[in-house]
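Pasted below: protein-v5.txt, compact mmCIF, N, CA and C atoms.
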```
# COMPACT_ATOMS: atom_id res chain seq x y z
N MET A 1 4.95 40.30 -66.83
CA MET A 1 6.19 40.91 -66.39
C MET A 1 6.20 40.90 -64.86
N SER A 2 7.30 40.45 -64.28
CA SER A 2 7.41 40.39 -62.83
C SER A 2 7.59 41.79 -62.25
N ARG A 3 7.38 41.90 -60.96
CA ARG A 3 7.58 43.18 -60.27
C ARG A 3 9.03 43.62 -60.39
N LEU A 4 9.95 42.67 -60.30
CA LEU A 4 11.37 43.00 -60.39
C LEU A 4 11.70 43.53 -61.78
N GLU A 5 11.20 42.87 -62.82
CA GLU A 5 11.46 43.34 -64.19
C GLU A 5 10.86 44.72 -64.41
N SER A 6 9.66 44.94 -63.89
CA SER A 6 9.01 46.25 -64.00
C SER A 6 9.83 47.33 -63.29
N ALA A 7 10.34 47.02 -62.11
CA ALA A 7 11.16 47.99 -61.36
C ALA A 7 12.45 48.28 -62.10
N LYS A 8 13.04 47.25 -62.72
CA LYS A 8 14.26 47.46 -63.49
C LYS A 8 14.01 48.41 -64.67
N GLN A 9 12.89 48.23 -65.35
CA GLN A 9 12.57 49.10 -66.49
C GLN A 9 12.35 50.54 -66.03
N ARG A 10 11.64 50.70 -64.91
CA ARG A 10 11.42 52.06 -64.39
C ARG A 10 12.74 52.71 -64.00
N ALA A 11 13.63 51.94 -63.36
CA ALA A 11 14.92 52.49 -62.95
C ALA A 11 15.75 52.91 -64.15
N GLU A 12 15.68 52.14 -65.22
CA GLU A 12 16.44 52.48 -66.43
C GLU A 12 15.86 53.68 -67.16
N SER A 13 14.53 53.88 -67.07
CA SER A 13 13.89 54.94 -67.84
C SER A 13 13.74 56.25 -67.07
N THR A 14 13.94 56.22 -65.77
CA THR A 14 13.79 57.45 -64.99
C THR A 14 15.10 58.20 -64.91
N SER A 15 15.02 59.36 -64.33
CA SER A 15 16.23 60.18 -64.16
C SER A 15 16.95 59.85 -62.87
N LEU A 16 16.54 58.76 -62.19
CA LEU A 16 17.20 58.38 -60.94
C LEU A 16 18.49 57.65 -61.26
N LYS A 17 19.45 58.36 -61.70
CA LYS A 17 20.74 57.79 -62.05
C LYS A 17 21.71 57.98 -60.89
N ARG A 18 22.88 57.43 -61.02
CA ARG A 18 23.88 57.45 -59.97
C ARG A 18 24.20 58.87 -59.51
N ALA A 19 24.26 59.82 -60.41
CA ALA A 19 24.64 61.19 -60.06
C ALA A 19 23.62 61.83 -59.13
N GLU A 20 22.35 61.47 -59.27
CA GLU A 20 21.31 62.09 -58.45
C GLU A 20 21.10 61.39 -57.12
N THR A 21 21.27 60.08 -57.09
CA THR A 21 20.95 59.32 -55.88
C THR A 21 22.16 58.76 -55.16
N GLY A 22 23.28 58.68 -55.87
CA GLY A 22 24.44 58.02 -55.31
C GLY A 22 24.42 56.52 -55.57
N TYR A 23 23.34 56.02 -56.19
CA TYR A 23 23.21 54.59 -56.48
C TYR A 23 22.85 54.40 -57.94
N ASP A 24 23.34 53.35 -58.52
CA ASP A 24 22.92 52.95 -59.86
C ASP A 24 21.81 51.93 -59.66
N LEU A 25 20.55 52.41 -59.64
CA LEU A 25 19.42 51.55 -59.31
C LEU A 25 19.27 50.40 -60.29
N ALA A 26 19.49 50.65 -61.57
CA ALA A 26 19.36 49.57 -62.56
C ALA A 26 20.38 48.46 -62.27
N ALA A 27 21.61 48.85 -61.94
CA ALA A 27 22.64 47.85 -61.63
C ALA A 27 22.30 47.09 -60.35
N LEU A 28 21.77 47.81 -59.36
CA LEU A 28 21.38 47.17 -58.11
C LEU A 28 20.26 46.16 -58.35
N LEU A 29 19.25 46.53 -59.12
CA LEU A 29 18.15 45.61 -59.40
C LEU A 29 18.62 44.43 -60.24
N ASN A 30 19.54 44.67 -61.18
CA ASN A 30 20.10 43.55 -61.95
C ASN A 30 20.83 42.57 -61.04
N SER A 31 21.56 43.10 -60.08
CA SER A 31 22.29 42.25 -59.14
C SER A 31 21.32 41.40 -58.31
N ILE A 32 20.23 42.01 -57.84
CA ILE A 32 19.21 41.28 -57.09
C ILE A 32 18.59 40.20 -57.96
N ASP A 33 18.27 40.56 -59.19
CA ASP A 33 17.67 39.61 -60.12
C ASP A 33 18.59 38.42 -60.35
N ASN A 34 19.87 38.68 -60.57
CA ASN A 34 20.82 37.59 -60.80
C ASN A 34 20.95 36.70 -59.58
N THR A 35 20.94 37.30 -58.41
CA THR A 35 21.02 36.52 -57.18
C THR A 35 19.80 35.61 -57.04
N LEU A 36 18.61 36.16 -57.30
CA LEU A 36 17.39 35.36 -57.19
C LEU A 36 17.38 34.23 -58.22
N ARG A 37 17.83 34.51 -59.42
CA ARG A 37 17.88 33.46 -60.44
C ARG A 37 18.83 32.34 -60.01
N GLY A 38 19.91 32.71 -59.36
CA GLY A 38 20.84 31.71 -58.86
C GLY A 38 20.26 30.87 -57.73
N LEU A 39 19.24 31.39 -57.09
CA LEU A 39 18.57 30.67 -56.00
C LEU A 39 17.30 29.97 -56.48
N GLY A 40 17.21 29.72 -57.76
CA GLY A 40 16.02 29.04 -58.27
C GLY A 40 14.95 30.00 -58.70
N GLY A 41 15.32 31.17 -59.17
CA GLY A 41 14.33 32.12 -59.65
C GLY A 41 13.53 32.76 -58.53
N GLY A 42 14.05 32.76 -57.32
CA GLY A 42 13.34 33.36 -56.21
C GLY A 42 12.30 32.43 -55.61
N ARG A 43 12.20 31.21 -56.12
CA ARG A 43 11.24 30.26 -55.59
C ARG A 43 11.90 29.43 -54.50
N THR A 44 11.15 29.15 -53.47
CA THR A 44 11.64 28.34 -52.38
C THR A 44 10.90 27.02 -52.39
N MET A 45 11.66 25.93 -52.35
CA MET A 45 11.04 24.61 -52.29
C MET A 45 10.45 24.41 -50.90
N VAL A 46 9.20 23.99 -50.86
CA VAL A 46 8.54 23.70 -49.59
C VAL A 46 8.10 22.25 -49.62
N GLU A 47 8.49 21.52 -48.61
CA GLU A 47 8.12 20.11 -48.52
C GLU A 47 7.09 19.97 -47.42
N PRO A 48 5.85 19.61 -47.78
CA PRO A 48 4.84 19.45 -46.74
C PRO A 48 5.21 18.31 -45.80
N LEU A 49 4.96 18.51 -44.54
CA LEU A 49 5.36 17.51 -43.55
C LEU A 49 4.50 16.25 -43.64
N GLY A 50 3.23 16.38 -43.86
CA GLY A 50 2.37 15.21 -43.96
C GLY A 50 1.11 15.36 -43.15
N VAL A 51 0.28 14.33 -43.19
CA VAL A 51 -1.00 14.32 -42.50
C VAL A 51 -0.86 13.50 -41.22
N PRO A 52 -1.21 14.07 -40.07
CA PRO A 52 -1.13 13.31 -38.82
C PRO A 52 -2.05 12.10 -38.86
N THR A 53 -1.52 10.93 -38.49
CA THR A 53 -2.33 9.72 -38.51
C THR A 53 -2.44 9.06 -37.14
N LEU A 54 -1.41 9.16 -36.30
CA LEU A 54 -1.44 8.50 -35.00
C LEU A 54 -0.52 9.23 -34.03
N ALA A 55 -1.01 9.43 -32.82
CA ALA A 55 -0.20 10.05 -31.77
C ALA A 55 0.20 8.99 -30.76
N ARG A 56 1.44 9.08 -30.30
CA ARG A 56 1.94 8.13 -29.30
C ARG A 56 2.68 8.89 -28.21
N GLN A 57 2.66 8.34 -27.00
CA GLN A 57 3.48 8.82 -25.90
C GLN A 57 4.34 7.66 -25.45
N LEU A 58 5.62 7.75 -25.72
CA LEU A 58 6.55 6.67 -25.38
C LEU A 58 7.40 7.09 -24.19
N THR A 59 7.46 6.26 -23.17
CA THR A 59 8.24 6.57 -21.98
C THR A 59 9.67 6.10 -22.16
N ALA A 60 10.60 7.03 -21.99
CA ALA A 60 12.02 6.72 -22.08
C ALA A 60 12.56 6.50 -20.67
N GLY A 61 12.94 5.27 -20.40
CA GLY A 61 13.49 4.92 -19.09
C GLY A 61 14.94 4.48 -19.21
N SER A 62 15.38 3.68 -18.23
CA SER A 62 16.78 3.27 -18.18
C SER A 62 17.12 2.15 -19.17
N ALA A 63 16.12 1.50 -19.73
CA ALA A 63 16.35 0.45 -20.72
C ALA A 63 15.74 0.86 -22.05
N SER A 64 16.36 0.46 -23.13
CA SER A 64 15.87 0.76 -24.47
C SER A 64 14.54 0.03 -24.71
N ILE A 65 13.57 0.77 -25.27
CA ILE A 65 12.31 0.13 -25.68
C ILE A 65 12.12 0.37 -27.18
N ASN A 66 11.62 -0.64 -27.87
CA ASN A 66 11.39 -0.58 -29.30
C ASN A 66 9.89 -0.51 -29.57
N THR A 67 9.49 0.33 -30.51
CA THR A 67 8.09 0.44 -30.92
C THR A 67 8.02 0.37 -32.43
N ALA A 68 7.18 -0.55 -32.94
CA ALA A 68 6.95 -0.64 -34.38
C ALA A 68 5.95 0.45 -34.77
N LEU A 69 6.28 1.22 -35.80
CA LEU A 69 5.39 2.27 -36.28
C LEU A 69 4.45 1.68 -37.33
N THR A 70 3.34 2.36 -37.58
CA THR A 70 2.38 1.83 -38.55
C THR A 70 3.00 1.80 -39.94
N GLY A 71 2.53 0.87 -40.77
CA GLY A 71 3.10 0.67 -42.10
C GLY A 71 2.94 1.85 -43.03
N THR A 72 1.93 2.71 -42.79
CA THR A 72 1.70 3.87 -43.66
C THR A 72 2.49 5.10 -43.22
N CYS A 73 3.15 5.01 -42.09
CA CYS A 73 3.91 6.15 -41.57
C CYS A 73 5.14 6.39 -42.43
N ARG A 74 5.28 7.63 -42.93
CA ARG A 74 6.45 7.98 -43.75
C ARG A 74 7.25 9.13 -43.15
N ARG A 75 6.67 9.78 -42.14
CA ARG A 75 7.35 10.88 -41.47
C ARG A 75 6.96 10.87 -40.00
N LEU A 76 7.85 11.45 -39.20
CA LEU A 76 7.61 11.56 -37.76
C LEU A 76 7.81 13.00 -37.32
N SER A 77 7.01 13.41 -36.38
CA SER A 77 7.27 14.64 -35.65
C SER A 77 7.31 14.23 -34.19
N MET A 78 8.40 14.59 -33.50
CA MET A 78 8.52 14.15 -32.12
C MET A 78 9.09 15.25 -31.24
N ARG A 79 8.67 15.20 -29.97
CA ARG A 79 9.11 16.19 -28.99
C ARG A 79 9.43 15.47 -27.69
N ALA A 80 10.59 15.81 -27.11
CA ALA A 80 11.00 15.23 -25.83
C ALA A 80 10.43 16.06 -24.69
N VAL A 81 9.79 15.39 -23.74
CA VAL A 81 9.19 16.07 -22.60
C VAL A 81 9.76 15.49 -21.31
N GLY A 82 10.28 16.35 -20.45
CA GLY A 82 10.74 15.93 -19.13
C GLY A 82 12.18 15.46 -19.04
N ALA A 83 12.82 15.19 -20.19
CA ALA A 83 14.21 14.71 -20.15
C ALA A 83 14.81 14.73 -21.55
N ASP A 84 16.13 14.69 -21.62
CA ASP A 84 16.82 14.45 -22.88
C ASP A 84 16.66 12.98 -23.21
N ILE A 85 16.50 12.66 -24.50
CA ILE A 85 16.23 11.28 -24.92
C ILE A 85 17.16 10.91 -26.08
N ARG A 86 17.57 9.66 -26.12
CA ARG A 86 18.32 9.09 -27.24
C ARG A 86 17.37 8.19 -28.03
N PHE A 87 17.57 8.12 -29.35
CA PHE A 87 16.66 7.30 -30.16
C PHE A 87 17.38 6.71 -31.36
N SER A 88 16.79 5.65 -31.89
CA SER A 88 17.27 4.99 -33.10
C SER A 88 16.06 4.65 -33.95
N ILE A 89 16.11 4.98 -35.25
CA ILE A 89 15.02 4.71 -36.18
C ILE A 89 15.56 3.85 -37.31
N GLY A 90 14.83 2.80 -37.67
CA GLY A 90 15.25 1.95 -38.77
C GLY A 90 14.22 0.87 -39.04
N VAL A 91 14.49 0.05 -40.05
CA VAL A 91 13.60 -1.05 -40.39
C VAL A 91 13.95 -2.23 -39.50
N GLY A 92 12.93 -2.85 -38.92
CA GLY A 92 13.16 -3.95 -37.97
C GLY A 92 13.39 -3.41 -36.58
N ALA A 93 13.52 -4.32 -35.62
CA ALA A 93 13.70 -3.93 -34.22
C ALA A 93 14.97 -3.10 -34.05
N GLN A 94 14.87 -2.06 -33.24
CA GLN A 94 15.97 -1.14 -32.99
C GLN A 94 16.34 -1.16 -31.51
N THR A 95 17.57 -0.76 -31.22
CA THR A 95 18.03 -0.61 -29.84
C THR A 95 18.68 0.77 -29.72
N ALA A 96 18.24 1.54 -28.74
CA ALA A 96 18.82 2.87 -28.49
C ALA A 96 19.90 2.74 -27.42
N HIS A 97 20.98 3.49 -27.60
CA HIS A 97 22.10 3.47 -26.66
C HIS A 97 22.36 4.90 -26.17
N THR A 98 22.75 5.03 -24.91
CA THR A 98 22.96 6.36 -24.33
C THR A 98 24.19 7.06 -24.86
N ASP A 99 25.08 6.35 -25.51
CA ASP A 99 26.31 7.00 -25.98
C ASP A 99 26.42 7.10 -27.50
N THR A 100 25.66 6.32 -28.25
CA THR A 100 25.83 6.32 -29.71
C THR A 100 24.57 6.62 -30.51
N SER A 101 23.41 6.66 -29.88
CA SER A 101 22.16 6.89 -30.61
C SER A 101 21.90 8.39 -30.78
N HIS A 102 20.99 8.69 -31.69
CA HIS A 102 20.64 10.09 -31.96
C HIS A 102 20.07 10.74 -30.71
N PHE A 103 20.19 12.06 -30.63
CA PHE A 103 19.84 12.81 -29.43
C PHE A 103 18.74 13.81 -29.72
N ILE A 104 17.79 13.90 -28.81
CA ILE A 104 16.79 14.97 -28.82
C ILE A 104 16.75 15.57 -27.42
N ALA A 105 16.96 16.87 -27.35
CA ALA A 105 17.00 17.55 -26.05
C ALA A 105 15.59 17.75 -25.49
N GLN A 106 15.51 17.86 -24.18
CA GLN A 106 14.24 18.14 -23.54
C GLN A 106 13.61 19.38 -24.17
N ASP A 107 12.34 19.30 -24.50
CA ASP A 107 11.54 20.38 -25.10
C ASP A 107 11.91 20.68 -26.55
N GLU A 108 12.76 19.87 -27.16
CA GLU A 108 13.09 20.05 -28.58
C GLU A 108 12.11 19.25 -29.43
N ARG A 109 11.83 19.76 -30.63
CA ARG A 109 11.00 19.04 -31.61
C ARG A 109 11.86 18.73 -32.83
N LEU A 110 11.76 17.50 -33.31
CA LEU A 110 12.44 17.08 -34.53
C LEU A 110 11.44 16.43 -35.47
N ASP A 111 11.64 16.61 -36.76
CA ASP A 111 10.78 16.03 -37.78
C ASP A 111 11.66 15.24 -38.74
N PHE A 112 11.20 14.04 -39.13
CA PHE A 112 11.99 13.15 -39.97
C PHE A 112 11.15 12.49 -41.04
N ALA A 113 11.77 12.22 -42.18
CA ALA A 113 11.24 11.26 -43.14
C ALA A 113 11.81 9.91 -42.71
N ILE A 114 10.98 8.86 -42.80
CA ILE A 114 11.43 7.54 -42.35
C ILE A 114 11.08 6.49 -43.40
N PRO A 115 11.75 5.34 -43.36
CA PRO A 115 11.44 4.28 -44.31
C PRO A 115 10.13 3.58 -43.95
N ALA A 116 9.58 2.87 -44.91
CA ALA A 116 8.38 2.07 -44.65
C ALA A 116 8.71 1.00 -43.61
N LEU A 117 7.73 0.65 -42.81
CA LEU A 117 7.86 -0.41 -41.80
C LEU A 117 8.95 -0.12 -40.78
N ALA A 118 9.09 1.14 -40.41
CA ALA A 118 10.14 1.56 -39.47
C ALA A 118 9.75 1.26 -38.03
N ASN A 119 10.77 1.13 -37.21
CA ASN A 119 10.65 1.03 -35.77
C ASN A 119 11.44 2.17 -35.15
N ILE A 120 11.08 2.53 -33.92
CA ILE A 120 11.87 3.51 -33.17
C ILE A 120 12.15 2.93 -31.79
N ALA A 121 13.38 3.08 -31.36
CA ALA A 121 13.77 2.69 -30.00
C ALA A 121 14.20 3.94 -29.27
N ILE A 122 13.86 4.02 -27.98
CA ILE A 122 14.24 5.19 -27.19
C ILE A 122 14.80 4.75 -25.84
N ILE A 123 15.61 5.64 -25.27
CA ILE A 123 16.15 5.46 -23.93
C ILE A 123 16.45 6.86 -23.37
N ARG A 124 16.31 7.02 -22.07
CA ARG A 124 16.65 8.32 -21.49
C ARG A 124 18.15 8.56 -21.61
N ASP A 125 18.54 9.83 -21.66
CA ASP A 125 19.96 10.16 -21.83
C ASP A 125 20.68 10.29 -20.49
N ALA A 126 19.96 10.49 -19.41
CA ALA A 126 20.59 10.67 -18.09
C ALA A 126 19.76 9.89 -17.06
N ALA A 127 19.67 10.40 -15.85
CA ALA A 127 19.02 9.67 -14.76
C ALA A 127 17.52 9.91 -14.67
N VAL A 128 16.98 10.82 -15.47
CA VAL A 128 15.57 11.19 -15.36
C VAL A 128 14.78 10.61 -16.54
N ASN A 129 13.67 9.93 -16.24
CA ASN A 129 12.80 9.42 -17.28
C ASN A 129 12.12 10.57 -18.02
N GLY A 130 11.77 10.35 -19.26
CA GLY A 130 11.07 11.35 -20.05
C GLY A 130 10.03 10.69 -20.93
N VAL A 131 9.30 11.52 -21.64
CA VAL A 131 8.28 11.03 -22.57
C VAL A 131 8.59 11.59 -23.95
N LEU A 132 8.53 10.73 -24.94
CA LEU A 132 8.67 11.17 -26.32
C LEU A 132 7.27 11.26 -26.90
N GLU A 133 6.83 12.50 -27.14
CA GLU A 133 5.54 12.74 -27.79
C GLU A 133 5.78 12.56 -29.28
N LEU A 134 5.18 11.56 -29.87
CA LEU A 134 5.47 11.20 -31.24
C LEU A 134 4.19 11.26 -32.07
N THR A 135 4.24 11.93 -33.21
CA THR A 135 3.12 11.97 -34.14
C THR A 135 3.56 11.31 -35.44
N GLU A 136 2.83 10.27 -35.83
CA GLU A 136 3.10 9.61 -37.10
C GLU A 136 2.38 10.40 -38.19
N LEU A 137 3.05 10.57 -39.32
CA LEU A 137 2.50 11.33 -40.44
C LEU A 137 2.55 10.48 -41.70
N ALA A 138 1.48 10.53 -42.48
CA ALA A 138 1.43 9.77 -43.74
C ALA A 138 1.71 10.69 -44.91
```

Would you write the structure of this file as structure tokens?
Amino acid sequence: MSRLESAKQRAESTSLKRAETGYDLAALLNSIDNTLRGLGGGRTMVEPLGVPTLARQLTAGSASINTALTGTCRRLSMRAVGADIRFSIGVGAQTAHTDTSHFIAQDERLDFAIPALANIAIIRDAAVNGVLELTELA
């Protein structure tokens, strides 16, 4: 029996009724229970990020640079240092553009699932070069 079910039984069997407390505890616990069941029984799905396999420091300058990631890499964790950076991730060589590519702000961290044999291209978003601290995860 779960803690919630046990609390519901105690609320129903005790004298703590609406007249004494101003609350219908059994109804309140039933409402909580129904809400949790609607959310997957109170369980939260957790997706592990992965195992770090390789660290890279990629410099984002005025021209787009492409880097092929290792074939076992399935996820990325990356952080922009020193500047806002634009990036593009995909299979095969990529080109990052300052106006249409994905954005990561200075000091922001982003985590992604990526396809097998992915490449990443980066370019600075403004006039200041930056570094993309990238961790490949298997």

Top pick for closest residue to Leu110 of chain A, considering A:Gln94, A:Asp125, A:Ser77, A:Val131 and counting all atoms listed in the file:
A:Ser77

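With only C-alpha atoms taken into account, the protein and nucleic acid residues at most 9 Å from Ala93 of chain A (excluding it and anything under 2 positions from it in its own chain) are Asn66, Thr67, Ala68, Ile89, Gly90, Val91, Thr95, Ala118, Asn119, Ile120 and Ala121 of chain A.
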
Give me, as a list in words, all polymer residues having an atom no more than 8 Å from Glu133 of chain A, counting all atoms listed in the file and skipping those fewer than 5 positions away in the same chain.
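Listing them by chain and then by number gives Ala55, Arg56, Gln57, Leu58, Thr59, Ser77, Met78, Arg79, Ala80 and Val81 of chain A.
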
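The shell of residues at most 8 Å from Ala126 of chain A, with all atoms listed in the file counted and near chain neighbours (fewer than 4 positions) removed, consists of Gly61, Ser62, Ala83, Asp84, Ile85, Arg86 and Thr98 of chain A.
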
Atom CA of Asp111 of chain A to atom C of Ala127 of chain A, straight-line distance in Å
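Separation between atom C of Ala127 of chain A and atom CA of Asp111 of chain A: 24.8 Å.
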
Figure out the distance between atom CA of Pro48 of chain A and atom CA of Ile104 of chain A, please, to one decimal in Å.
22.0 Å

Tell me which of A:His102, A:Ala60, A:Arg75, A:Asp33 sits closest to Thr135 of chain A, counting all atoms listed in the file.
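Ranked by minimum distance to Thr135 of chain A, first place goes to A:Arg75.
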